[in-house]
Amino acid sequence: MPKKKESIDRRNFLKGAALGAAAVVANPSVASAQPAAARPAAPVPPRPPEPRAADISAARVLTTDRPGADFMVDAIKSLNIEYVCANPGSDFRGLHESLINYGGNKTPEFITCTHEESSVAIGHGYAKIEGKPLLALAHGTVGLQHASMALYNAYCDRVPVMMIVGNTMDVKARRANVVWDHSALDAAAMVRDYTKWDDQPASLQHFAESVVRAYKIAMTPPMMPVLLVADTELQERPVPAGETPRVPKLTLASPPLGDSGAVKEAARLLAGAENPLIVVDRGARTAEGLKLLVELAETLQAAVIDQGGRMNFPSRHALNQTDRARAVIANADVILGLEVSDLFDTVNFSSWQMDVGTRPLTKPGVKMIAVSSMDLYLKSNYQDFQRYVELELAIAADAEATLPSLIEAVKVSMNDDRRGVAQERGKKLAAARQAALEQARTEATYGWDASPVSTGRLCAELWGQIKNEDWSLVSDVSPWVSRWPQRLWSFDKYYQFIGGPGAYGIGYGAPAAVGAALANRKYGRLSVNIQGDGDLMYAPGVLWTAAHHNIPLLSIMHNNRGYQQEVMLVQQMADEHNRGITRAGIGTTITDPNIDYAGLAKSLGVHGEGPITDPAELGPAIKRAIEVVKRGEPALIDLVTQPR
Amino acid sequence: MNGFFTRNGLPRDARDGQRSRGIRGRFRPLLLLFPVLAMWCFARPESRAQNSAPAAKTAAAPAGNAQNGKKLFISFGCYECHGTVGQGARSAGMRIGPPPLDLEGLTDYVRAPAGEMPPYTAKVVSDQELSDIYAYLSSIPKPPPAKSIPLLN
């Protein structure tokens, strides 16, 4: 948001200037400090007289029927973008007005946000469900700096988000001091390390081509955020007379496929393996990707580890061995990694502790194959590419697009003998999967009646009330609630899970949930969010956004009253340093006072209940909240929980 | 911010039986029975061995005070990873009851943990305090079987 500087009182300024001049005259040392033999300056032409206000008014054209921003809206509308998320900013006031009036506030519709990080993270969550970007607007300076963390999450998560920021290049157009503070020579520079592409169009035709190009680039795997800088003059001044800028046609690039020879070799290795293993992280980009992964796994009767970057594989499928990851990794002779963000850490032991080192978790001679679009686009500065992995085959391609040819090649490679081996293998894996489910249910009984409420109880209560609905879990729960949903629930549709933030940047959860719920709304799905307390407090105003725009979303606070990961890490340091083991809560817990999240929700227009500490009260509260959500509104239950 | 978890969706847990050390008494059979739950039980480097000398065993362990043990279980941060009733968490610390293991095994493990669990040496936690914590863990009732809970079926 712009911050207007204090203006200088003119009378005091003149008085100060006069005193300063008098001091120079009265103090010869100041005057004598000037170079005695200064080079004579070139003659400066006299400043032309300032036009009188009356003359300006007479000469100035005060209105226009066709500002440049109208054409920008034409270009944006050609991309069929559903929503534009922003809190207002003077640097894009022209585009803002054109979107709501000329554009009719439809496709895109304005979603009012209270923080730029929320704007982008809403787009992150939305894209996880809808498979395409929405648009976020911000100041080129003060807004983009707020938005930068959300951009980094989306970049690391390979998610497309479109962003347009306002900026003023020409000094003549920088109307007041605040505009100087909000102008940059290269506004996109600060996020260039974690955006896929940016541009600063110099004309409306340039804008049209760049906005279409940006969309295409964002949607080409590996998908990532893109950014355009829209000059304020380009937005606000009329379309130049005689110019007829044109919006070019969008043609999305087909996703990159794996080389046919490499795919055949991969299929040969997998078909011949005694214990093939598929590890998938962001392998499924769409519902079709999930179906293809099931087909590949069933064709091979291979174990699957779903690392949960996307909804890749049905949680209760007999071949889903995620709960037995260590066992199937140790047993595998061929491992296929599909869009795995950290394959090294998947197959190697590592530790949070110093000096422990790493060692393979796999058996000797294992052959590893990676299909990853990360090989097609990497940047240097931020190190999200992880450690280098030694592979048998590295296929630089989009995994989902490569799956059909891989499946066909596997089928060709499987003879009757291999199919028989595969069927026997599948029976054993199915039995192990069922045993893991029973084990998870038994583990959930521990702490069942505890207060604070156990995360197992939380997830069991929630599942009991949503399992017959068309539900969608719009939060990352893998570590924070011990993967209980994946262990206890039955996920079998692509939109039922959206994965995590990408860069583990806290503050993503709440806005991403709102964005995913926004995408789910038109399908009538029940969006469910298990919401961390620390995460919500980064930008809780997103709850107001959900209320203001009638976004149905059930949030249950996982309120463990602390930044739990850091509680544990600081405790670890205190223990290792042999001192102060009762003080790890300093700087890590969120207590004294405890935050009233139900009250916070209510103040932002959201149905709120809690705090709930008795697990017996949770089920009825969920039932009441679901009724609210089914009316098309957000609801929040403050549940005081065990740490994890 | 990151966590004690891996890309496999599992905790950084009992990955390294070969290098485990400090697991004595009746702990080891439990780890064999529940390999997934045995988080924190992978090796610590030899260079840290000086911090992990096992406590001297006594014929009669000090009697524990469960009420005080509950307070210590919270104030010493045990609950942070293991939960307030020792139920454990897949992305933090292993389940440590009910029922708990024997006091000797608990003491040995706390002094010389073999996983991500940090050491609690005698300098910061006395044997008496560990006995109190053990008494608290022993006082926690067993949960009902999963079959008896409709939400888990």
# chains A, B, ... in the order shown; residues from 1 in each chain; ligands from 1
$ residues_around --residues "segment 450-452 of chain A" --least-positions-apart "5" --cutoff "7 Å" --atoms "only C-alpha atoms" --output "compact mmCIF listing (two decimals) with N, CA and C atoms, in the first residue's frame"
# COMPACT_ATOMS: atom_id res chain seq x y z
N THR A 613 -11.24 -27.86 23.26
CA THR A 613 -10.16 -28.66 23.84
C THR A 613 -10.61 -30.09 24.14
N ASP A 614 -11.94 -30.29 24.21
CA ASP A 614 -12.49 -31.61 24.50
C ASP A 614 -12.78 -32.31 23.16
N PRO A 615 -12.13 -33.43 22.89
CA PRO A 615 -12.34 -34.08 21.59
C PRO A 615 -13.79 -34.46 21.33
N VAL A 640 -7.82 -26.80 19.70
CA VAL A 640 -6.52 -26.83 20.38
C VAL A 640 -5.98 -28.25 20.29
N THR A 641 -4.82 -28.38 19.69
CA THR A 641 -4.33 -29.70 19.28
C THR A 641 -3.00 -30.07 19.93
N GLN A 642 -2.74 -31.36 19.85
CA GLN A 642 -1.41 -31.87 20.16
C GLN A 642 -0.41 -31.26 19.16
$ closest_atom_pairs --of "chain A" --to "chain B" --cutoff "6 Å" --atoms "only C-alpha atoms" --output "tab-separated table"
residue	atom	partner	partner_atom	distance
A:Gln307	CA	B:Asn8	CA	5.5
A:Thr346	CA	B:Arg7	CA	5.5
A:Val356	CA	B:Pro45	CA	5.6
A:Arg441	CA	B:Leu152	CA	5.9
A:Thr442	CA	B:Ala146	CA	5.3
A:Thr445	CA	B:Pro143	CA	5.8
A:Tyr446	CA	B:Gln87	CA	5.2
A:Gly447	CA	B:Gln87	CA	5.6
A:Ala460	CA	B:Leu151	CA	6.0
A:Pro479	CA	B:Ser91	CA	5.4
A:Ser482	CA	B:Arg90	CA	4.8
A:Tyr504	CA	B:Met1	CA	5.7
A:Gln565	CA	B:Gly3	CA	5.9
A:Gln572	CA	B:Pro118	CA	5.3
A:Asp575	CA	B:Tyr120	CA	5.9
A:Ile581	CA	B:Phe76	CA	5.7
A:Thr582	CA	B:Phe76	CA	5.1
A:Arg644	CA	B:Ala89	CA	5.8
$ write_last_selection --atoms "C-alpha atoms" --output "compact mmCIF listing (two decimals), in the first residue's frame"
# COMPACT_ATOMS: atom_id res chain seq x y z
CA GLN A 307 5.30 -37.99 -1.98
CA THR A 346 14.38 -40.07 -1.29
CA VAL A 356 25.96 -37.46 10.36
CA ARG A 441 -5.98 -47.21 12.64
CA THR A 442 -4.38 -48.75 15.70
CA THR A 445 -6.18 -44.83 19.04
CA TYR A 446 -3.22 -43.58 21.06
CA GLY A 447 -4.16 -40.23 22.50
CA ALA A 460 -10.79 -39.24 11.98
CA PRO A 479 4.25 -33.41 8.11
CA SER A 482 1.52 -36.76 10.58
CA TYR A 504 8.11 -24.65 2.91
CA GLN A 565 8.96 -27.22 14.01
CA GLN A 572 17.23 -29.92 20.20
CA ASP A 575 19.58 -30.42 24.77
CA ILE A 581 15.95 -27.37 28.41
CA THR A 582 12.83 -25.74 29.81
CA ARG A 644 1.61 -33.01 15.60
$ select_by_dssp --residues "segment 378-472 of chain A" --states "strand (DSSP E)" --output "MDAnalysis selection string"
chainID A and resid 393:396 471:472
$ select_by_dssp --residues "segment 132-367 of chain A" --states "helix (DSSP H, G or I)" --output "ChimeraX atom specification"
/A:142-156,171-173,177-181,187-194,204-219,232-236,260-272,287-300,322-331,343-347
$ write_last_selection --atoms "C-alpha atoms" --output "CSV table (one decimal), in the first residue's frame"
chain,number,residue,atom,x,y,z
A,142,VAL,CA,6.1,-2.0,-2.3
A,143,GLY,CA,3.6,-4.6,-3.5
A,144,LEU,CA,6.0,-6.9,-5.2
A,145,GLN,CA,8.2,-7.1,-2.1
A,146,HIS,CA,5.2,-8.3,-0.1
A,147,ALA,CA,4.4,-10.8,-2.8
A,148,SER,CA,7.9,-12.1,-3.3
A,149,MET,CA,7.6,-15.0,-0.8
A,150,ALA,CA,4.5,-16.3,-2.4
A,151,LEU,CA,6.2,-16.2,-5.8
A,152,TYR,CA,9.1,-18.2,-4.4
A,153,ASN,CA,6.7,-20.9,-3.1
A,154,ALA,CA,5.0,-21.1,-6.5
A,155,TYR,CA,8.3,-21.2,-8.3
A,156,CYS,CA,9.6,-24.1,-6.1
A,171,VAL,CA,10.2,11.1,-14.5
A,172,LYS,CA,7.7,13.5,-16.0
A,173,ALA,CA,4.9,11.1,-15.1
A,177,ASN,CA,7.1,12.0,-4.2
A,178,VAL,CA,5.3,8.8,-3.4
A,179,VAL,CA,5.5,7.9,-7.1
A,180,TRP,CA,9.2,8.1,-6.9
A,181,ASP,CA,9.3,5.7,-4.0
A,187,ALA,CA,11.0,-3.7,-11.1
A,188,ALA,CA,11.1,-7.4,-11.9
A,189,ALA,CA,14.8,-7.7,-10.9
A,190,MET,CA,14.1,-8.6,-7.3
A,191,VAL,CA,12.1,-11.7,-8.2
A,192,ARG,CA,13.8,-12.7,-11.5
A,193,ASP,CA,15.6,-15.5,-9.7
A,194,TYR,CA,12.3,-17.2,-9.0
A,204,LEU,CA,0.3,-1.5,-26.0
A,205,GLN,CA,1.1,-3.8,-28.8
A,206,HIS,CA,4.2,-4.9,-26.8
A,207,PHE,CA,1.9,-5.5,-23.8
A,208,ALA,CA,-0.5,-7.6,-25.8
A,209,GLU,CA,2.2,-9.9,-27.1
A,210,SER,CA,3.9,-10.2,-23.8
A,211,VAL,CA,0.8,-11.0,-21.8
A,212,VAL,CA,0.0,-13.8,-24.2
A,213,ARG,CA,3.6,-15.0,-24.3
A,214,ALA,CA,3.7,-14.9,-20.4
A,215,TYR,CA,0.7,-17.1,-20.2
A,216,LYS,CA,2.1,-19.5,-22.6
A,217,ILE,CA,5.4,-19.7,-20.8
A,218,ALA,CA,3.8,-20.1,-17.4
A,219,MET,CA,1.7,-23.0,-18.7
A,232,THR,CA,1.4,3.8,-15.5
A,233,GLU,CA,1.4,6.1,-18.6
A,234,LEU,CA,0.7,3.1,-20.8
A,235,GLN,CA,-2.3,2.3,-18.6
A,236,GLU,CA,-3.7,5.8,-18.1
A,260,SER,CA,11.3,-42.5,-27.5
A,261,GLY,CA,14.6,-44.5,-27.2
A,262,ALA,CA,15.0,-43.5,-23.6
A,263,VAL,CA,11.4,-44.3,-22.9
A,264,LYS,CA,11.8,-47.8,-24.4
A,265,GLU,CA,14.9,-48.5,-22.3
A,266,ALA,CA,13.1,-47.3,-19.2
A,267,ALA,CA,10.2,-49.7,-20.0
A,268,ARG,CA,12.6,-52.6,-20.6
A,269,LEU,CA,14.3,-52.0,-17.2
A,270,LEU,CA,11.0,-51.7,-15.4
A,271,ALA,CA,9.4,-54.7,-17.0
A,272,GLY,CA,12.4,-56.9,-16.2
A,287,ALA,CA,-6.9,-35.9,-13.4
A,288,GLU,CA,-5.7,-37.7,-16.5
A,289,GLY,CA,-2.2,-37.9,-14.9
A,290,LEU,CA,-3.6,-39.7,-11.9
A,291,LYS,CA,-5.4,-42.3,-14.2
A,292,LEU,CA,-2.2,-42.8,-16.1
A,293,LEU,CA,-0.2,-43.4,-13.0
A,294,VAL,CA,-2.6,-46.0,-11.9
A,295,GLU,CA,-2.4,-47.7,-15.3
A,296,LEU,CA,1.4,-47.7,-15.2
A,297,ALA,CA,1.5,-49.1,-11.7
A,298,GLU,CA,-1.1,-51.8,-12.4
A,299,THR,CA,0.6,-52.8,-15.6
A,300,LEU,CA,3.8,-53.4,-13.7
A,322,THR,CA,3.8,-44.8,0.9
A,323,ASP,CA,3.4,-45.9,4.5
A,324,ARG,CA,6.1,-48.6,3.8
A,325,ALA,CA,8.4,-46.3,1.9
A,326,ARG,CA,11.5,-47.4,3.6
A,327,ALA,CA,10.8,-51.1,3.0
A,328,VAL,CA,10.0,-50.8,-0.7
A,329,ILE,CA,13.0,-48.5,-1.3
A,330,ALA,CA,15.3,-51.0,0.3
A,331,ASN,CA,13.8,-53.8,-1.7
A,343,LEU,CA,15.3,-37.7,-5.5
A,344,PHE,CA,18.6,-37.7,-3.5
A,345,ASP,CA,16.8,-37.4,-0.2
A,346,THR,CA,14.4,-40.1,-1.3
A,347,VAL,CA,17.0,-42.8,-1.7
$ atom_distance --atom1 "atom CA of Thr112 of chain A" --atom2 "atom CA of Pro238 of chain A"
26.7 Å
